[in-house]
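K.L.:
Okay, here's the structure, questions in a sec.
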Amino acid sequence: VPGSGDESSSDNIYYRAYTPSEFGYSGDFNVEGADFFLSFSDFLGNNPTHDYTVRFYISDAAFPGGSLTEIASLDLQATAADNEMLIEARLDTPLTVQATQEIIIGVDIPAALDVPDNYDVRIGINGAGEDAPSYLTSVGCEITTPTDATAIGFPDNHMILDLAGSGSLAVDSAIASQISMYPNPVNNVLNISVPSSIQIEAATMYDILGKGTQVEVSANNTINTSSLASGVYLLTINTNEGNITKKVVKQ
């Protein structure tokens with residue numbers, strides 16, 4: 001309760017799940033770590049240090065179902081200096097999995113100290129919303145299985161928690177040489193050149209955090225990119241002959 005003098009945070013493990021193949025990767029995928037923000041409120045100014053762990057899991061069923069098996073972890077420390085800062089947690093050695101393997105990230109933050117040395121530490125949230133559910137467990141709150149935050153009364157708890165890694169982008173070899181995009185880098189309009197036998201059915205643009213936005217392809221096969229922020233994107237195009245993913249740089 002803000003301003004009550006007894007603010008502190010309970011234990012929580014915050015979860016998000018990713019399948020690299022859904023973002024255009026094929027073959028081996030190297031799990032390198034996770035990116036997220038922290039919220040850290042030091043009410044008394046004692047500059048406490050809080051130990052926590054980033055865990056990586058696989059499951060025997062699609063998340064949030066099934067039983068989780070931990071495949072890697074990384075121990076970290078947080079202080080008030082980390083409040084609203086991007087945490088780029090990286091494993092010492094990347095973990096190689098198949099791109100079709102679902103990877104579950106869990107940021108395991110133990111309970112903070114209670115009064116009189118109380119403080120509050122939790123994962124950062126995104127006020128602009130999310131494109132997939134956020135989950136958590138908490139021993140102190142008797143939430144023993146990963147549960148959608150909305151289902152327990154936190155509809156605005158849109159966690160920022162992203163998988164970091166690398167691999168080979170999947171390309172349908174039958175159409176790879178038949179589709180081109182220009183200019184790249186692009187300012188406002190991206191042109192897609194396709195033969196008349198190939199019909200574009202849908203297109204999705206992914207930013208560096210893995211958030212996908214379906215973009216409209218005009219009748220003359222152009223995409224208006226003027227509203228996109230500058231940066232690197234992955235554009236996946238679905239056609240009647242197969243799919244292709246290419247990197248696009250927005251200036």
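Letters for chains follow the order of the structure tokens (A, B, ...), residue numbers begin at 1 for each chain, and ligand numbers begin at 1 in the order shown.
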Using backbone DSSP assignments, extract all strand (DSSP E) residues from segment 83-114 of chain A; output them as a VMD selection string.

P.N.:
chain A and resid 86 to 98 103 to 109

K.L.:
Find the residues near Asp60 of chain A: any atom within 12 Å, counting only C-alpha atoms, skip ones fewer than 5 places away on the same chain, and give them as a short mmCIF file (atom, residue, chain, number, x, y, z; two decimals) with C-alpha atoms, in the first residue's frame.

P.N.:
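selection16.cif, written as the output of this step:
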data_model
loop_
_atom_site.label_atom_id
_atom_site.label_comp_id
_atom_site.auth_asym_id
_atom_site.auth_seq_id
_atom_site.Cartn_x
_atom_site.Cartn_y
_atom_site.Cartn_z
CA GLY A 65 0.65 -26.19 -19.05
CA GLY A 66 2.98 -29.07 -18.33
CA SER A 67 5.89 -29.49 -15.93
CA LEU A 68 8.82 -27.09 -16.19
CA THR A 69 12.40 -28.35 -16.43
CA GLU A 70 15.14 -25.81 -15.76
CA GLN A 101 11.53 -25.60 -28.91
CA GLU A 102 9.45 -23.39 -26.64
CA ILE A 103 11.67 -21.53 -24.15
CA ILE A 104 10.17 -20.21 -20.92
#

K.L.:
Need the shell around Val121 of chain A: protein/DNA/RNA residues with any atom at most 7 Å away, counting only C-alpha atoms. Skip same-chain ones fewer than 6 positions apart. Format as a list in words?

P.N.:
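Final neighbour list, sorted by chain and number: Ser9, Ser39, Phe40, Ser41 and Ala112 of chain A.
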
K.L.:
Apply DSSP to the structure's backbone, then extract all residues of segment 42-239 of chain A labelled alpha helix (DSSP H) and return them as a list in words.

P.N.:
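Everything in segment 42-239 of chain A that counts as alpha helix (DSSP H) is Ser173, Ala174, Ile175 and Ala176 of chain A.
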
K.L.:
Next, the residues of the selection above should be written as a CSV table (one decimal), in the first residue's frame with N, CA and C atoms.

P.N.:
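Contents of the output file again21.csv:
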chain,number,residue,atom,x,y,z
A,173,SER,N,13.3,-21.7,-49.8
A,173,SER,CA,14.2,-21.6,-50.9
A,173,SER,C,13.5,-21.5,-52.3
A,174,ALA,N,12.3,-21.9,-52.3
A,174,ALA,CA,11.5,-21.9,-53.6
A,174,ALA,C,11.2,-20.4,-54.0
A,175,ILE,N,11.1,-19.5,-53.0
A,175,ILE,CA,10.7,-18.2,-53.3
A,175,ILE,C,11.8,-17.1,-52.9
A,176,ALA,N,12.8,-17.6,-52.3
A,176,ALA,CA,13.8,-16.6,-51.8
A,176,ALA,C,14.4,-15.8,-52.9

K.L.:
For Ala128 of chain A, find every residue with an atom within 12 Å (counting only C-alpha atoms), except residues of its own chain fewer than 4 positions away, and show them as a list of chain:residue names.

P.N.:
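Everything that qualifies: A:Asp156, A:Asn157, A:His158, A:Met159, A:Ile160.
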
K.L.:
Can I get the selection written as a PDB file, in the first residue's frame, with N, CA and C atoms?

P.N.:
ATOM      1  N   ASP A 156      -3.241  -4.774 -15.719  1.00  0.00           N
ATOM      2  CA  ASP A 156      -2.278  -3.844 -16.308  1.00  0.00           C
ATOM      3  C   ASP A 156      -0.835  -4.286 -16.073  1.00  0.00           C
ATOM      4  N   ASN A 157      -0.646  -5.499 -15.578  1.00  0.00           N
ATOM      5  CA  ASN A 157       0.700  -5.983 -15.273  1.00  0.00           C
ATOM      6  C   ASN A 157       1.345  -6.565 -16.541  1.00  0.00           C
ATOM      7  N   HIS A 158       1.574  -5.697 -17.524  1.00  0.00           N
ATOM      8  CA  HIS A 158       2.125  -6.107 -18.815  1.00  0.00           C
ATOM      9  C   HIS A 158       3.645  -6.147 -18.716  1.00  0.00           C
ATOM     10  N   MET A 159       4.187  -7.299 -18.408  1.00  0.00           N
ATOM     11  CA  MET A 159       5.602  -7.423 -18.134  1.00  0.00           C
ATOM     12  C   MET A 159       6.456  -7.247 -19.380  1.00  0.00           C
ATOM     13  N   ILE A 160       7.612  -6.616 -19.202  1.00  0.00           N
ATOM     14  CA  ILE A 160       8.631  -6.539 -20.240  1.00  0.00           C
ATOM     15  C   ILE A 160       9.651  -7.630 -19.923  1.00  0.00           C
TER      16      ILE A 160
END

K.L.:
With a distance cut-off of 10 Å and only C-alpha atoms, select the neighbouring residues of Gly140 of chain A, excluding the residue or stretch itself and same-chain residues fewer than 5 positions from it, and output the selection as a list in words.

P.N.:
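With the cut-off at 10 Å, the set is Ser10, Asp11, Asn12, Pro110 and Ala111 of chain A.
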
K.L.:
Just to be explicit: take each residue in the selection above, keep N, CA and C atoms, and write the result as a PDB file, in the first residue's frame.

P.N.:
ATOM      1  N   SER A  10       6.369  -9.328  -2.169  1.00  0.00           N
ATOM      2  CA  SER A  10       6.418 -10.755  -1.860  1.00  0.00           C
ATOM      3  C   SER A  10       7.299 -11.459  -2.876  1.00  0.00           C
ATOM      4  N   ASP A  11       7.520 -12.760  -2.672  1.00  0.00           N
ATOM      5  CA  ASP A  11       8.256 -13.546  -3.649  1.00  0.00           C
ATOM      6  C   ASP A  11       7.417 -13.682  -4.922  1.00  0.00           C
ATOM      7  N   ASN A  12       8.075 -13.615  -6.070  1.00  0.00           N
ATOM      8  CA  ASN A  12       7.401 -13.804  -7.353  1.00  0.00           C
ATOM      9  C   ASN A  12       8.376 -14.396  -8.357  1.00  0.00           C
ATOM     10  N   PRO A 110      13.020 -13.210  -4.986  1.00  0.00           N
ATOM     11  CA  PRO A 110      12.546 -13.546  -3.642  1.00  0.00           C
ATOM     12  C   PRO A 110      11.882 -12.352  -2.967  1.00  0.00           C
ATOM     13  N   ALA A 111      11.203 -12.624  -1.861  1.00  0.00           N
ATOM     14  CA  ALA A 111      10.528 -11.571  -1.109  1.00  0.00           C
ATOM     15  C   ALA A 111      11.535 -10.547  -0.602  1.00  0.00           C
TER      16      ALA A 111
END
